[in-house]
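Structure file work-v6.cif (mmCIF, C-alpha atoms) follows.
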```
data_data
#
loop_
_atom_site.label_atom_id
_atom_site.label_comp_id
_atom_site.auth_asym_id
_atom_site.auth_seq_id
_atom_site.Cartn_x
_atom_site.Cartn_y
_atom_site.Cartn_z
CA MET A 1 11.45 96.31 53.16
CA LEU A 2 8.97 95.03 55.69
CA LEU A 3 8.37 91.95 53.54
CA LEU A 4 12.11 91.32 53.24
CA PHE A 5 12.52 91.67 56.99
CA PHE A 6 9.69 89.17 57.53
CA ILE A 7 11.16 86.69 55.05
CA SER A 8 14.66 86.91 56.56
CA HIS A 9 13.10 86.39 60.00
CA LEU A 10 11.48 83.17 58.73
CA PHE A 11 14.90 81.73 57.95
CA THR A 12 15.95 82.23 61.56
CA LEU A 13 12.95 80.31 62.85
CA THR A 14 13.04 76.57 62.97
CA SER A 15 10.95 75.45 60.03
CA LEU A 16 10.60 71.89 61.31
CA HIS A 17 7.34 71.95 63.20
CA PRO A 18 8.53 71.54 66.81
CA ILE A 19 6.53 69.53 69.32
CA HIS A 20 6.94 70.88 72.82
CA VAL A 21 4.28 68.99 74.72
CA SER A 22 3.95 66.84 77.82
CA VAL A 23 0.84 64.79 78.45
CA SER A 24 -0.37 63.67 81.86
CA GLU A 25 -3.16 61.47 83.07
CA VAL A 26 -4.14 62.04 86.65
CA GLU A 27 -6.34 59.36 88.15
CA LEU A 28 -8.19 60.42 91.24
CA SER A 29 -9.57 58.01 93.78
CA GLU A 30 -10.79 58.64 97.32
CA HIS A 31 -7.40 58.36 99.02
CA GLU A 32 -4.86 58.31 96.22
CA VAL A 33 -3.70 60.37 93.28
CA THR A 34 -1.82 58.62 90.47
CA TRP A 35 -0.08 60.95 88.03
CA THR A 36 1.29 59.47 84.79
CA VAL A 37 3.31 61.91 82.73
CA ARG A 38 4.86 61.46 79.30
CA ILE A 39 7.76 63.75 78.42
CA TYR A 40 10.08 63.65 75.43
CA LYS A 41 13.42 62.25 76.62
CA ASP A 42 15.61 64.94 75.05
CA ASP A 43 13.40 67.67 76.49
CA LEU A 44 13.46 66.14 79.96
CA LEU A 45 17.26 65.90 79.92
CA LEU A 46 17.42 69.53 78.84
CA GLY A 47 15.07 70.52 81.65
CA MET A 48 16.95 68.49 84.26
CA TYR A 49 20.56 69.15 83.34
CA GLY A 50 20.53 72.21 81.07
CA LYS A 51 22.03 72.75 77.61
CA ASN A 52 25.63 71.94 78.52
CA ALA A 53 24.98 68.56 80.13
CA ASP A 54 26.95 65.54 78.95
CA VAL A 55 24.02 63.25 78.13
CA SER A 56 26.34 60.36 77.24
CA ASN A 57 27.52 60.22 80.85
CA LEU A 58 24.49 60.57 83.05
CA GLY A 59 25.43 58.20 85.85
CA GLU A 60 23.70 55.20 87.39
CA PRO A 61 19.99 54.51 86.73
CA ASP A 62 19.19 55.07 90.41
CA GLU A 63 20.80 58.51 90.29
CA ILE A 64 18.85 59.42 87.16
CA LYS A 65 15.65 58.21 88.84
CA LYS A 66 16.42 60.48 91.81
CA ASP A 67 17.04 63.40 89.46
CA ILE A 68 13.76 62.73 87.63
CA LEU A 69 11.85 62.63 90.91
CA ALA A 70 13.55 65.84 92.07
CA TYR A 71 12.65 67.54 88.77
CA LEU A 72 9.04 66.38 88.85
CA ASN A 73 8.64 67.24 92.54
CA LYS A 74 9.74 70.76 91.66
CA HIS A 75 7.52 71.10 88.59
CA LEU A 76 4.39 69.06 89.32
CA SER A 77 2.31 69.69 92.36
CA PHE A 78 -1.12 68.70 93.54
CA SER A 79 -2.24 70.75 96.53
CA ILE A 80 -5.17 70.30 98.82
CA LEU A 81 -5.85 73.23 101.15
CA ASP A 82 -2.40 74.71 100.39
CA LYS A 83 -0.64 71.46 101.24
CA SER A 84 1.21 69.69 98.42
CA LEU A 85 1.12 65.92 98.11
CA SER A 86 4.45 64.15 98.27
CA TRP A 87 5.17 62.00 95.20
CA THR A 88 6.70 58.55 95.02
CA VAL A 89 7.88 57.13 91.71
CA THR A 90 5.87 53.98 91.05
CA ASP A 91 7.31 53.18 87.65
CA ILE A 92 9.36 54.60 84.78
CA GLN A 93 8.65 53.27 81.29
CA PRO A 94 10.83 54.49 78.42
CA ASP A 95 9.74 54.23 74.80
CA PRO A 96 11.84 55.19 71.75
CA GLU A 97 11.20 58.95 71.98
CA SER A 98 9.71 59.64 75.35
CA ILE A 99 9.55 58.52 78.92
CA TRP A 100 6.47 57.69 80.98
CA VAL A 101 6.82 58.37 84.69
CA ILE A 102 4.15 57.13 87.06
CA LEU A 103 3.93 58.97 90.35
CA SER A 104 1.56 58.33 93.18
CA ALA A 105 0.62 60.01 96.43
CA LYS A 106 -1.73 59.12 99.26
CA THR A 107 -4.09 61.69 100.69
CA SER A 108 -4.64 61.93 104.44
CA SER A 109 -8.38 62.44 104.03
CA VAL A 110 -11.00 61.86 101.33
CA LEU A 111 -10.03 63.78 98.19
CA PRO A 112 -12.03 67.03 98.03
CA SER A 113 -13.69 68.20 94.81
CA THR A 114 -11.53 71.34 94.65
CA PHE A 115 -7.74 71.38 94.56
CA VAL A 116 -4.83 73.20 92.93
CA ILE A 117 -2.54 71.75 90.28
CA LYS A 118 0.77 73.22 89.17
CA ASN A 119 2.51 71.88 86.06
CA ASN A 120 5.43 73.97 84.84
CA ILE A 121 7.42 71.19 83.20
CA LEU A 122 9.82 72.76 80.65
CA LEU A 123 7.99 76.08 80.67
CA ASP A 124 11.33 77.75 81.45
CA VAL A 125 12.96 75.96 78.49
CA TYR A 126 10.43 76.42 75.67
CA ARG A 127 8.26 79.48 75.17
CA ASP A 128 5.64 77.35 73.34
CA GLN A 129 5.66 74.39 75.75
CA LYS A 130 2.20 73.03 76.53
CA ASN A 131 1.46 70.61 79.34
CA ILE A 132 -1.82 68.78 78.88
CA VAL A 133 -3.37 67.19 81.95
CA ASN A 134 -6.29 64.79 81.63
CA LEU A 135 -8.01 64.29 84.98
CA ILE A 136 -9.95 61.06 85.35
CA TRP A 137 -12.19 60.23 88.28
CA LYS A 138 -14.96 57.73 88.93
CA THR A 139 -17.73 59.71 87.30
CA GLY A 140 -15.98 62.02 84.89
CA LYS A 141 -13.08 63.35 82.89
CA LYS A 142 -11.61 66.83 82.40
CA SER A 143 -8.69 68.23 80.41
CA VAL A 144 -6.59 71.25 81.34
CA VAL A 145 -3.65 72.87 79.53
CA PHE A 146 -0.79 74.53 81.38
CA LYS A 147 1.48 76.96 79.55
CA ARG A 148 3.59 80.05 80.23
CA GLY A 149 1.54 82.48 82.27
CA SER A 150 -0.88 79.80 83.44
CA ALA A 151 1.20 77.13 85.13
CA GLU A 152 -1.07 76.78 88.15
CA LYS A 153 -4.84 76.26 88.18
CA SER A 154 -7.56 75.69 90.71
CA ILE A 155 -9.63 72.71 89.62
CA SER A 156 -13.21 71.91 90.61
CA LEU A 157 -14.57 68.50 89.68
CA MET B 158 -11.98 68.31 76.43
CA PHE B 159 -13.44 69.48 73.07
CA SER B 160 -12.40 73.12 73.52
CA ILE B 161 -8.91 72.14 74.68
CA TYR B 162 -8.18 70.09 71.53
CA LEU B 163 -9.89 72.68 69.32
CA ASP B 164 -7.49 75.32 70.70
CA LEU B 165 -4.55 72.98 70.18
CA GLY B 166 -5.50 72.43 66.51
CA PHE B 167 -6.04 76.16 65.97
CA ASP B 168 -2.72 77.08 67.61
CA HIS B 169 -0.87 74.37 65.71
CA ILE B 170 -1.68 75.60 62.21
CA LEU B 171 -1.16 79.26 63.17
CA ASP B 172 2.16 78.60 64.94
CA ILE B 173 4.72 80.81 63.18
CA ASN B 174 7.58 78.64 64.55
CA GLY B 175 6.36 75.85 62.31
CA TYR B 176 5.27 77.92 59.36
CA ASP B 177 5.24 75.14 56.75
CA HIS B 178 1.44 74.71 56.70
CA ILE B 179 0.93 78.50 56.55
CA LEU B 180 3.37 78.77 53.67
CA PHE B 181 1.58 76.00 51.78
CA LEU B 182 -1.77 77.80 52.11
CA ILE B 183 -0.15 81.07 50.98
CA ALA B 184 1.27 79.33 47.89
CA LEU B 185 -2.03 77.56 47.25
CA CYS B 186 -4.01 80.82 47.20
CA ALA B 187 -1.40 83.03 45.52
CA LEU B 188 -2.88 82.41 42.08
CA TYR B 189 -6.30 83.84 42.87
CA THR B 190 -7.95 87.21 43.35
CA VAL B 191 -10.80 87.91 45.74
CA ARG B 192 -13.22 87.63 42.79
CA GLU B 193 -12.18 84.02 42.29
CA TRP B 194 -13.44 83.01 45.73
CA ARG B 195 -15.27 79.98 44.29
CA GLN B 196 -11.99 78.51 43.02
CA ILE B 197 -10.35 79.23 46.38
CA LEU B 198 -13.26 77.50 48.11
CA ILE B 199 -12.86 74.38 45.92
CA LEU B 200 -9.10 74.39 46.46
CA VAL B 201 -9.31 74.77 50.23
CA THR B 202 -12.09 72.16 50.44
CA ALA B 203 -9.96 69.69 48.47
CA PHE B 204 -7.01 70.33 50.80
CA THR B 205 -9.28 69.95 53.85
CA ILE B 206 -10.71 66.63 52.63
CA GLY B 207 -7.18 65.38 51.97
CA HIS B 208 -5.69 66.29 55.33
CA SER B 209 -8.76 65.24 57.31
CA VAL B 210 -8.66 61.75 55.79
CA THR B 211 -5.00 61.07 56.56
CA LEU B 212 -5.13 62.78 59.95
CA ALA B 213 -7.93 60.40 60.97
CA LEU B 214 -6.34 57.30 59.40
CA SER B 215 -2.97 58.01 60.94
CA ALA B 216 -4.37 58.96 64.35
CA LEU B 217 -6.33 55.70 64.40
CA ASN B 218 -3.11 53.86 63.44
CA LEU B 219 -4.63 52.59 60.19
CA ILE B 220 -1.70 54.05 58.26
CA ASN B 221 1.77 54.69 59.55
CA ILE B 222 4.38 56.59 57.55
CA ASN B 223 7.75 57.66 58.88
CA ALA B 224 7.51 61.20 60.32
CA THR B 225 10.90 62.19 58.87
CA ILE B 226 9.70 61.39 55.33
CA ILE B 227 6.54 63.44 55.87
CA GLU B 228 8.56 66.38 57.23
CA VAL B 229 10.57 66.39 53.97
CA LEU B 230 7.51 65.90 51.73
CA ILE B 231 5.67 68.90 53.24
CA PRO B 232 8.11 71.51 51.82
CA VAL B 233 8.15 69.51 48.55
CA THR B 234 4.36 70.17 48.31
CA ILE B 235 5.06 73.89 48.83
CA LEU B 236 7.76 73.91 46.16
CA MET B 237 5.57 72.08 43.63
CA THR B 238 2.61 74.38 44.29
CA ALA B 239 4.83 77.45 43.87
CA ILE B 240 6.32 76.15 40.61
CA LEU B 241 2.86 75.28 39.30
CA ASN B 242 1.71 78.84 40.09
CA MET B 243 4.61 80.26 38.12
CA VAL B 244 4.04 78.14 35.02
CA THR B 245 0.23 78.20 35.02
CA LYS B 246 -1.32 80.72 32.64
CA PRO B 247 -4.19 82.64 34.24
CA ASP B 248 -7.52 81.47 32.82
CA PRO B 249 -10.51 82.50 34.98
CA ASP B 250 -12.98 80.69 32.66
CA ARG B 251 -11.38 77.30 33.07
CA LYS B 252 -13.61 75.18 35.31
CA TRP B 253 -11.31 72.35 36.34
CA ARG B 254 -7.68 72.88 37.11
CA PRO B 255 -5.00 70.32 37.97
CA ASN B 256 -4.19 72.12 41.20
CA TYR B 257 -7.57 71.03 42.67
CA PHE B 258 -6.39 67.43 42.53
CA LEU B 259 -2.93 68.39 43.71
CA ALA B 260 -4.48 70.21 46.68
CA LEU B 261 -6.30 67.00 47.57
CA PHE B 262 -3.16 64.90 47.20
CA PHE B 263 -0.97 67.39 49.07
CA GLY B 264 -3.67 67.47 51.76
CA PHE B 265 -2.96 63.76 52.34
CA ILE B 266 0.67 64.61 53.10
CA HIS B 267 -0.09 67.58 55.37
CA GLY B 268 -2.68 65.45 57.23
CA MET B 269 0.07 63.01 58.17
CA GLY B 270 2.11 65.96 59.42
CA PHE B 271 -0.83 67.09 61.56
CA SER B 272 -1.19 63.56 62.91
CA ASN B 273 2.43 63.47 64.14
CA TYR B 274 1.61 66.46 66.32
CA PHE B 275 -1.84 65.19 67.26
CA LYS B 276 -0.43 61.85 68.44
CA ALA B 277 1.99 63.73 70.68
CA LEU B 278 -1.02 65.28 72.43
CA LEU B 279 -2.56 61.96 73.36
CA GLY B 280 -2.16 60.17 76.63
CA LYS B 281 -3.36 56.64 77.17
CA GLU B 282 -7.05 57.49 76.73
CA ALA B 283 -9.21 54.93 74.95
CA ASP B 284 -11.51 57.40 73.18
CA ILE B 285 -9.59 59.51 70.69
CA LEU B 286 -12.56 60.42 68.47
CA THR B 287 -13.55 63.54 70.44
CA PRO B 288 -9.99 64.94 70.58
CA LEU B 289 -9.48 64.03 66.91
CA PHE B 290 -12.65 65.77 65.77
CA ALA B 291 -11.98 68.83 67.94
CA PHE B 292 -8.36 69.09 66.77
CA ASN B 293 -9.45 68.89 63.12
CA VAL B 294 -12.10 71.60 63.62
CA GLY B 295 -9.41 73.78 65.23
CA VAL B 296 -7.11 73.23 62.23
CA GLU B 297 -9.97 74.18 59.86
CA LEU B 298 -10.71 77.39 61.76
CA GLY B 299 -7.02 78.33 61.74
CA GLN B 300 -6.88 77.54 58.03
CA LEU B 301 -9.85 79.84 57.35
CA CYS B 302 -8.07 82.68 59.19
CA ILE B 303 -4.94 82.19 57.08
CA VAL B 304 -6.88 82.08 53.80
CA ALA B 305 -8.89 85.17 54.78
CA GLY B 306 -5.63 86.97 55.60
CA ILE B 307 -4.07 86.04 52.24
CA ILE B 308 -7.13 87.16 50.26
CA LEU B 309 -7.25 90.44 52.17
CA LEU B 310 -3.54 91.07 51.61
CA ASN B 311 -3.95 90.24 47.91
CA TYR B 312 -6.86 92.69 47.67
CA LEU B 313 -4.93 95.49 49.41
CA VAL B 314 -1.78 94.98 47.33
CA THR B 315 -3.56 94.81 43.95
CA ARG B 316 -6.06 97.54 44.77
CA TYR B 317 -3.93 100.14 46.54
CA LEU B 318 -0.35 99.35 45.46
CA LYS B 319 -1.66 98.71 41.93
CA LEU B 320 0.38 95.53 41.64
CA LYS B 321 -0.72 93.26 38.78
CA GLN B 322 -2.15 89.94 39.95
CA ARG B 323 0.37 88.01 37.84
CA LEU B 324 3.29 89.88 39.42
CA TRP B 325 1.85 89.24 42.91
CA THR B 326 1.58 85.52 42.11
CA MET B 327 5.17 85.43 40.85
CA ILE B 328 6.57 87.28 43.90
CA ILE B 329 4.70 85.17 46.46
CA SER B 330 5.41 81.91 44.63
CA SER B 331 9.13 82.72 44.27
CA LEU B 332 9.46 83.50 47.97
CA ALA B 333 7.53 80.34 48.86
CA ALA B 334 9.77 78.29 46.56
CA ILE B 335 12.96 79.71 48.13
CA LEU B 336 11.73 79.00 51.66
CA ALA B 337 10.59 75.51 50.63
CA CYS B 338 14.04 74.71 49.18
CA TYR B 339 15.62 75.91 52.43
CA MET B 340 13.28 73.64 54.42
CA ILE B 341 13.96 70.63 52.19
CA VAL B 342 17.73 71.04 52.60
CA GLU B 343 17.36 71.54 56.36
CA ARG B 344 15.21 68.44 56.77
CA LEU B 345 17.21 66.05 54.57
#
```

Rewritten as structure tokens:
Amino acid sequence: MLLLFFISHLFTLTSLHPIHVSVSEVELSEHEVTWTVRIYKDDLLLGMYGKNADVSNLGEPDEIKKDILAYLNKHLSFSILDKSLSWTVTDIQPDPESIWVILSAKTSSVLPSTFVIKNNILLDVYRDQKNIVNLIWKTGKKSVVFKRGSAEKSISL
Amino acid sequence: MFSIYLDLGFDHILDINGYDHILFLIALCALYTVREWRQILILVTAFTIGHSVTLALSALNLININATIIEVLIPVTILMTAILNMVTKPDPDRKWRPNYFLALFFGFIHGMGFSNYFKALLGKEADILTPLFAFNVGVELGQLCIVAGIILLNYLVTRYLKLKQRLWTMIISSLAAILACYMIVERL
């Protein structure tokens, strides 16, 4: 019976291996943070507008850009001494499946070696969503994964 | 970076939401008892060589095959393995079996499936060798856990439930074949 229950449960799962991942590269310099994030387009639309959104009628590109910035401002943060940086969209580059958004922010003082990053992109949509962040600075590189239950991390370079 | 990609490889193969690779390993090992661990080792090694080769080639963009085709071919490999299990007569003395070569060939297909996921994990970094190696090691470790689980389950079922090995093979292979057909239809 247990085996039958398990097998019937398998049919309810999606057997196509789903990819619920965003990848970011965060370049750190003395006075600027540049955050490039790649998100699957369909996932981003789901995150921004929900399941019932009419994706064929999204409005003007400028409006969508505003919505993307609002979404990313809510879900990506880089804080120094409890103060979050304010992002500006530098560029948006779509490719067939995903979208690359380049954000940048100036820091008021020299970037310290310890800061806090929050990345909860799509964590409320997909239980298995993983957000990979590759930090790159002058003398090193570090990767961090954000997922449900660990959407915010203190980073020391 | 190494441990991050190792975890991602490990989680990927053990992810029950995408159970196709798990099901393939179950079908691959269904024919064998714990005493036939040498044959299992050869089979799993052949599969590992196969998927490591195409994972690397595809990740390095040396081969590029449509992901949709690969997603359909993966359940086809499960179905063929299950059918082969059902028609193969048990012969523990036979040294070389056709399924060793099939495991290698099917490994090529699964490797391309792994690479579709692996490529999704990459940013714009120039060096992909470290993530690639770490991801592959993670997949291998996950694969070992699955194989160990199958062998243990086989041992418990044949030892304590007194199920004949042949019946066990037929049950597991039939279930794998049904699920594989479902996946093929869903992905077409």

**OP:** Counting all atoms listed in the file, collect the residues of chain B whose closest atom lies at most 6 Å from chain A, and write them out as a PyMOL selection string.
**Re:** chain B and resi 158+174-175+280

**OP:** Have a look at atom CA of B:His267 and atom CA of A:Arg127 and let me know their distance in Å, one decimal.
**Re:**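 A separation of 24.6 Å between them.
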
**OP:** Please write as a ChimeraX atom specification the full residue list that the PyMOL selection byres ((chain B and resi 202) around 12) yields on this file.
**Re:** /B:182,185,194-201,203-209,257-262,264,297,300-301,304

Given the file above and the PyMOL selection byres ((chain A and resi 70) around 12), which residues are selected, and can you give them as a PDB file with C-alpha atoms, in the coordinates of the input?
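Full text of result_38.pdb as output:
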```
ATOM      1  CA  GLY A  47      15.070  70.520  81.650  1.00  0.00           C
ATOM      2  CA  MET A  48      16.950  68.490  84.260  1.00  0.00           C
ATOM      3  CA  TYR A  49      20.560  69.150  83.340  1.00  0.00           C
ATOM      4  CA  GLU A  63      20.800  58.510  90.290  1.00  0.00           C
ATOM      5  CA  ILE A  64      18.850  59.420  87.160  1.00  0.00           C
ATOM      6  CA  LYS A  65      15.650  58.210  88.840  1.00  0.00           C
ATOM      7  CA  LYS A  66      16.420  60.480  91.810  1.00  0.00           C
ATOM      8  CA  ASP A  67      17.040  63.400  89.460  1.00  0.00           C
ATOM      9  CA  ILE A  68      13.760  62.730  87.630  1.00  0.00           C
ATOM     10  CA  LEU A  69      11.850  62.630  90.910  1.00  0.00           C
ATOM     11  CA  TYR A  71      12.650  67.540  88.770  1.00  0.00           C
ATOM     12  CA  LEU A  72       9.040  66.380  88.850  1.00  0.00           C
ATOM     13  CA  ASN A  73       8.640  67.240  92.540  1.00  0.00           C
ATOM     14  CA  LYS A  74       9.740  70.760  91.660  1.00  0.00           C
ATOM     15  CA  HIS A  75       7.520  71.100  88.590  1.00  0.00           C
ATOM     16  CA  LEU A  76       4.390  69.060  89.320  1.00  0.00           C
ATOM     17  CA  SER A  77       2.310  69.690  92.360  1.00  0.00           C
ATOM     18  CA  SER A  86       4.450  64.150  98.270  1.00  0.00           C
ATOM     19  CA  TRP A  87       5.170  62.000  95.200  1.00  0.00           C
ATOM     20  CA  THR A  88       6.700  58.550  95.020  1.00  0.00           C
ATOM     21  CA  VAL A  89       7.880  57.130  91.710  1.00  0.00           C
ATOM     22  CA  LEU A 103       3.930  58.970  90.350  1.00  0.00           C
TER      23      LEU A 103
END
```

Original post:
Hey, which of A:Val116, A:Leu157, A:Val101, A:Leu111 ends up closest to A:Asp82? Count all atoms listed in the file.
Top reply: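 When distances to A:Asp82 are compared using all atoms listed in the file, the smallest one comes from A:Val116.
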
Original post:
Mind telling me what the PyMOL selection byres ((chain B and resi 333) around 12) catches here, as number ranges by chain?
Top reply: A: 7, 10-11; B: 176-187, 232-243, 326-332, 334-340

**OP:** Fewer than 5 positions away in the same chain doesn't count, so skip those; otherwise give me all residues within 9 Å of A:Pro112, counting all atoms listed in the file, as a list in words.
**Re:**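 Neighbouring residues, sequence-local ones excluded: Glu30, Ile80, Ser156 and Leu157 of chain A.
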
Subject >> Atom pair atom CA of B:Gly268 / atom CA of B:Leu214: separation (Å) >> reply: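 Calculated distance between atom CA of B:Gly268 and atom CA of B:Leu214 is 9.2 Å.
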
Original post:
So how far away is atom CA of B:Thr211 from atom CA of B:Asp168, in Å?
Top reply: 19.6 Å
